[in-house]
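Trainee: Let me give you the structure first, and then I'll get to my questions.
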Amino acid sequence: DTNNPTKRKRMPGGPTINDKFPNLQGATQSQDDFDLYEYLGESWGIVFMHPGDFTPVCTTELGEAALRAEEFTKRGTKLCGFSCNDSDSHKGWIKDIEAVTNGEVKFPLFCDPNRDAAAKLGILDENLKDAKGLPLTVRSVYIIKPDKTIALMMTYPASTGRNFDEIIRVLDSLQLTANNSVATPVNWKQGEDVIVNFPLSNADADEKFGKDGYRIVEVPSEAGKVLDKNYLRYTSAP
């Protein structure tokens with residue numbers, strides 16, 4: 001009974017946030033000696049996991065990634081798809097993707113027909129299998145920093161397409177907060193005010209942003225207190 005959570009088979013866990021993302025080495029739709037680390041170089045990267053070629057939701061997603069490729073390029077970010085099929089299958093699928101979405105797939109689509117890389121990543125679902133009885137991958141997104149560590153992971157069920165507006169939004173947040181002492185609040189979008197990092201004292205914030213460079217939000221828990229650090233402080237995005 002795969003609907004019973006206690007009886008579902010689970011693969012060993014893979015890397016998580018701040019872990020090094022494993023290097024993908026092998027074939028893509030256009031080359032036999034692909035190396036993810038070499039491809040990314042010093043750029044940020046996004047790897048999209050797909051359970052298999054010629055799947056409807058994933059077809060729309062890869063088309064959207066292709067259509068919005070310039071938005072990722074402007075952010076210094078390279079895209080890489082990943083699906084558990086071989087190169088010939090990828091080539092055929094890409095023709096469908098381009099015909100349906102009008103997006104030209106120029107980024108690599110990694111081949112993992114034997115599930116070797118998927119097993120290392122811990123993204124196989126033993127309860128979802130293809131016609132050959134092989135487990136399919138869950139539909140994860142990994143955003144990878146230039147040092148090849150994982151900045152963010154998002155995992156979707158097969159029934160729900162990914163939201164590229166959200167992927168771009170969190171990429172903007174991650175890039176902004178990587179080198180600035182700020183965090184982004186709920187529903188934040190590029191250009192909106194950000195939060196002063198919690199570890200900074202008010203004196204630190206004065207030095208970094210200027211005494212008038214941030215505002216303290218008054219909250220009941222801090223009323224009447226003189227504090228070295230107020231916990232909710234906003235400043236303009238760097």
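Each chain in the structure tokens gets a letter, A, B, ..., in the order shown, and its residues are numbered from 1; ligands are numbered from 1 in order too.
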Any idea what's packed within 10 Å of Gln25 in chain A, counting only C-alpha atoms, ignoring anything in its chain fewer than 4 positions away? Could you give it as a list in words?

Mentor: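 Using only C-alpha atoms, the neighbours found are Asp32, Asp33, Phe34, Asp35, Leu36, Tyr37, Glu38, Phe110, Cys111, Asp112 and Ala117 of chain A.
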
Trainee: Any chance you could list, as a list in words, the residues in range 188-238 of chain A that come up strand (DSSP E) when DSSP is run on the backbone?

Mentor: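 Those residues are Val194, Ile195, Val196, Tyr214, Arg215, Ile216, Arg233, Tyr234 and Thr235 of chain A.
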
Trainee: Per DSSP on the backbone, filter range 129-233 of chain A down to the residues in alpha helix (DSSP H) and report them as a ChimeraX atom specification.

Mentor: /A:164-178,202-209

Trainee: Each residue of range 17-76 of chain A with at least one atom at most 12 Å from range 162-182 of chain A should appear once, together with its nearest atom pair and the corresponding distance in Å (one decimal); atoms considered: only C-alpha atoms; ordering: chain, then increasing residue number; output as a Markdown table.

Mentor:
```
| residue | atom | partner | partner_atom | distance |
| --- | --- | --- | --- | --- |
| A:Ser43 | CA | A:Gln175 | CA | 11.2 |
| A:Trp44 | CA | A:Gln175 | CA | 8.9 |
| A:Gly45 | CA | A:Leu171 | CA | 9.8 |
| A:Ile46 | CA | A:Leu171 | CA | 9.3 |
| A:Val47 | CA | A:Ile167 | CA | 11.4 |
| A:Phe48 | CA | A:Arg162 | CA | 9.8 |
| A:Met49 | CA | A:Arg162 | CA | 11.0 |
| A:His50 | CA | A:Arg162 | CA | 11.2 |
| A:Val57 | CA | A:Arg162 | CA | 8.8 |
| A:Cys58 | CA | A:Arg162 | CA | 8.8 |
| A:Thr59 | CA | A:Arg162 | CA | 11.3 |
| A:Thr60 | CA | A:Arg162 | CA | 9.4 |
| A:Glu61 | CA | A:Arg162 | CA | 6.8 |
| A:Leu62 | CA | A:Arg162 | CA | 10.0 |
| A:Gly63 | CA | A:Phe164 | CA | 11.1 |
| A:Glu64 | CA | A:Phe164 | CA | 7.7 |
| A:Ala65 | CA | A:Phe164 | CA | 7.7 |
| A:Ala66 | CA | A:Phe164 | CA | 11.2 |
| A:Leu67 | CA | A:Phe164 | CA | 10.8 |
| A:Arg68 | CA | A:Phe164 | CA | 8.7 |
| A:Ala69 | CA | A:Ile168 | CA | 10.9 |
| A:Glu70 | CA | A:Ile168 | CA | 11.6 |
| A:Glu71 | CA | A:Ile168 | CA | 8.2 |
| A:Phe72 | CA | A:Ile168 | CA | 7.7 |
| A:Thr73 | CA | A:Ile168 | CA | 11.4 |
| A:Lys74 | CA | A:Asp172 | CA | 10.9 |
| A:Arg75 | CA | A:Asp172 | CA | 7.9 |
| A:Gly76 | CA | A:Gln175 | CA | 9.8 |
```

Trainee: Using C-alpha atoms, can you export the residues from the last selection as a PDB file, in the first residue's frame?

Mentor:
```pdb
ATOM      1  CA  SER A  43      28.700  30.933 -12.359  1.00  0.00           C
ATOM      2  CA  TRP A  44      25.647  30.175 -10.297  1.00  0.00           C
ATOM      3  CA  GLY A  45      23.765  27.144 -11.560  1.00  0.00           C
ATOM      4  CA  ILE A  46      20.290  25.633 -11.530  1.00  0.00           C
ATOM      5  CA  VAL A  47      19.709  21.906 -12.075  1.00  0.00           C
ATOM      6  CA  PHE A  48      16.167  20.774 -12.886  1.00  0.00           C
ATOM      7  CA  MET A  49      15.355  17.116 -12.184  1.00  0.00           C
ATOM      8  CA  HIS A  50      12.803  15.347 -14.391  1.00  0.00           C
ATOM      9  CA  VAL A  57       4.412  18.720 -17.133  1.00  0.00           C
ATOM     10  CA  CYS A  58       8.179  18.576 -17.639  1.00  0.00           C
ATOM     11  CA  THR A  59       7.750  19.442 -21.312  1.00  0.00           C
ATOM     12  CA  THR A  60       6.119  22.735 -20.341  1.00  0.00           C
ATOM     13  CA  GLU A  61       8.776  23.410 -17.698  1.00  0.00           C
ATOM     14  CA  LEU A  62      11.806  22.935 -19.943  1.00  0.00           C
ATOM     15  CA  GLY A  63      10.127  25.070 -22.571  1.00  0.00           C
ATOM     16  CA  GLU A  64       9.629  27.828 -20.004  1.00  0.00           C
ATOM     17  CA  ALA A  65      13.272  27.542 -18.926  1.00  0.00           C
ATOM     18  CA  ALA A  66      14.308  27.937 -22.567  1.00  0.00           C
ATOM     19  CA  LEU A  67      12.036  30.941 -23.093  1.00  0.00           C
ATOM     20  CA  ARG A  68      13.424  32.661 -19.997  1.00  0.00           C
ATOM     21  CA  ALA A  69      17.068  31.717 -20.518  1.00  0.00           C
ATOM     22  CA  GLU A  70      18.083  35.361 -20.961  1.00  0.00           C
ATOM     23  CA  GLU A  71      16.726  36.222 -17.502  1.00  0.00           C
ATOM     24  CA  PHE A  72      19.040  33.623 -15.981  1.00  0.00           C
ATOM     25  CA  THR A  73      21.974  34.744 -18.120  1.00  0.00           C
ATOM     26  CA  LYS A  74      21.555  38.316 -16.828  1.00  0.00           C
ATOM     27  CA  ARG A  75      21.865  36.873 -13.328  1.00  0.00           C
ATOM     28  CA  GLY A  76      25.084  35.014 -14.123  1.00  0.00           C
TER      29      GLY A  76
END
```

Trainee: Smallest atom-to-atom distance to Tyr156 in chain A: which of A:His90, A:Asn187, A:Pro51, A:Pro108, using only C-alpha atoms?

Mentor: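 Looking at the shortest contact to Tyr156 in chain A, the residue is A:Pro51.
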
Trainee: I need the residue nearest Val219 in chain A from this list: A:Ala203, A:Leu232, A:Leu24, A:Ile143. Use only C-alpha atoms for the distance.

Mentor: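 Result for the nearest residue to Val219 in chain A: A:Leu232.
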
Trainee: Excluding range 16-20 of chain A and any residue of its chain fewer than 4 positions from it, enumerate the residues within 6 Å of it, using only C-alpha atoms, and give them as a PyMOL selection string.

Mentor: chain A and resi 148-152

Trainee: Store the residues picked out above in a file with N, CA, C and O atoms, as a PDB file, in the first residue's frame.

Mentor:
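Okay, out-v8.pdb is ready:
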```
ATOM      1  N   LYS A 148      29.946  25.604  -5.769  1.00  0.00           N
ATOM      2  CA  LYS A 148      29.321  24.289  -6.016  1.00  0.00           C
ATOM      3  C   LYS A 148      28.563  23.740  -4.810  1.00  0.00           C
ATOM      4  O   LYS A 148      28.194  22.564  -4.789  1.00  0.00           O
ATOM      5  N   THR A 149      28.307  24.568  -3.809  1.00  0.00           N
ATOM      6  CA  THR A 149      27.447  24.132  -2.716  1.00  0.00           C
ATOM      7  C   THR A 149      25.992  24.463  -3.045  1.00  0.00           C
ATOM      8  O   THR A 149      25.702  25.347  -3.855  1.00  0.00           O
ATOM      9  N   ILE A 150      25.087  23.745  -2.396  1.00  0.00           N
ATOM     10  CA  ILE A 150      23.656  23.907  -2.656  1.00  0.00           C
ATOM     11  C   ILE A 150      23.122  25.075  -1.837  1.00  0.00           C
ATOM     12  O   ILE A 150      23.210  25.086  -0.612  1.00  0.00           O
ATOM     13  N   ALA A 151      22.568  26.067  -2.535  1.00  0.00           N
ATOM     14  CA  ALA A 151      21.997  27.227  -1.866  1.00  0.00           C
ATOM     15  C   ALA A 151      20.534  27.002  -1.518  1.00  0.00           C
ATOM     16  O   ALA A 151      20.048  27.513  -0.505  1.00  0.00           O
ATOM     17  N   LEU A 152      19.822  26.249  -2.359  1.00  0.00           N
ATOM     18  CA  LEU A 152      18.386  26.062  -2.167  1.00  0.00           C
ATOM     19  C   LEU A 152      17.934  24.800  -2.881  1.00  0.00           C
ATOM     20  O   LEU A 152      18.471  24.435  -3.930  1.00  0.00           O
TER      21      LEU A 152
END
```

Trainee: Which neighbours of Val194 in chain A fall inside 10 Å, counting only C-alpha atoms, when residues of the same chain fewer than 5 positions from it are skipped, and could you give them as a short mmCIF file (atom, residue, chain, number, x, y, z; two decimals) with N, CA and C atoms, in the first residue's frame?

Mentor:
```cif
data_model
loop_
_atom_site.label_atom_id
_atom_site.label_comp_id
_atom_site.auth_asym_id
_atom_site.auth_seq_id
_atom_site.Cartn_x
_atom_site.Cartn_y
_atom_site.Cartn_z
N SER A 173 17.06 36.68 -4.38
CA SER A 173 17.28 36.78 -2.94
C SER A 173 18.62 36.15 -2.55
N LEU A 176 21.52 38.33 -3.68
CA LEU A 176 21.59 39.57 -2.91
C LEU A 176 22.15 39.32 -1.52
N THR A 177 21.67 38.28 -0.86
CA THR A 177 22.04 38.03 0.53
C THR A 177 23.39 37.33 0.68
N SER A 181 24.85 41.95 4.30
CA SER A 181 24.37 41.56 5.63
C SER A 181 22.87 41.81 5.76
N VAL A 182 22.12 41.18 4.87
CA VAL A 182 20.67 41.36 4.86
C VAL A 182 19.99 40.03 4.60
N ALA A 183 18.68 40.01 4.88
CA ALA A 183 17.82 38.88 4.55
C ALA A 183 16.59 39.45 3.84
N THR A 184 15.83 38.60 3.15
CA THR A 184 14.65 39.09 2.44
C THR A 184 13.37 38.60 3.14
N PRO A 185 12.40 39.49 3.34
CA PRO A 185 11.16 39.11 4.03
C PRO A 185 10.19 38.36 3.13
N VAL A 186 9.06 38.01 3.69
CA VAL A 186 8.03 37.27 2.97
C VAL A 186 7.64 38.01 1.68
N TRP A 188 9.15 38.94 -0.80
CA TRP A 188 10.07 39.97 -1.29
C TRP A 188 10.29 39.84 -2.79
N LYS A 189 10.41 41.00 -3.44
CA LYS A 189 10.77 41.06 -4.86
C LYS A 189 11.91 42.05 -5.03
N TYR A 214 18.57 52.67 8.35
CA TYR A 214 17.65 51.55 8.57
C TYR A 214 16.59 51.99 9.57
N ARG A 233 14.47 44.91 11.72
CA ARG A 233 14.96 46.19 11.20
C ARG A 233 15.00 46.11 9.69
N TYR A 234 14.50 47.16 9.02
CA TYR A 234 14.46 47.19 7.57
C TYR A 234 15.44 48.24 7.02
N THR A 235 15.97 47.93 5.84
CA THR A 235 16.82 48.88 5.14
C THR A 235 16.56 48.74 3.64
N SER A 236 17.03 49.70 2.87
CA SER A 236 16.88 49.63 1.42
C SER A 236 17.75 48.51 0.86
N ALA A 237 17.30 47.89 -0.21
CA ALA A 237 18.10 46.84 -0.83
C ALA A 237 19.41 47.41 -1.35
N PRO A 238 20.53 46.74 -1.10
CA PRO A 238 21.83 47.23 -1.58
C PRO A 238 21.86 47.38 -3.10
#
```

Trainee: How far is it from CA of Leu121 in chain A to CA of Thr77 in chain A, in Å with one decimal?

Mentor: 21.1 Å

Trainee: One decimal, in Å: what's the spacing between CA of Gly92 in chain A and CA of Val141 in chain A?

Mentor: 23.0 Å
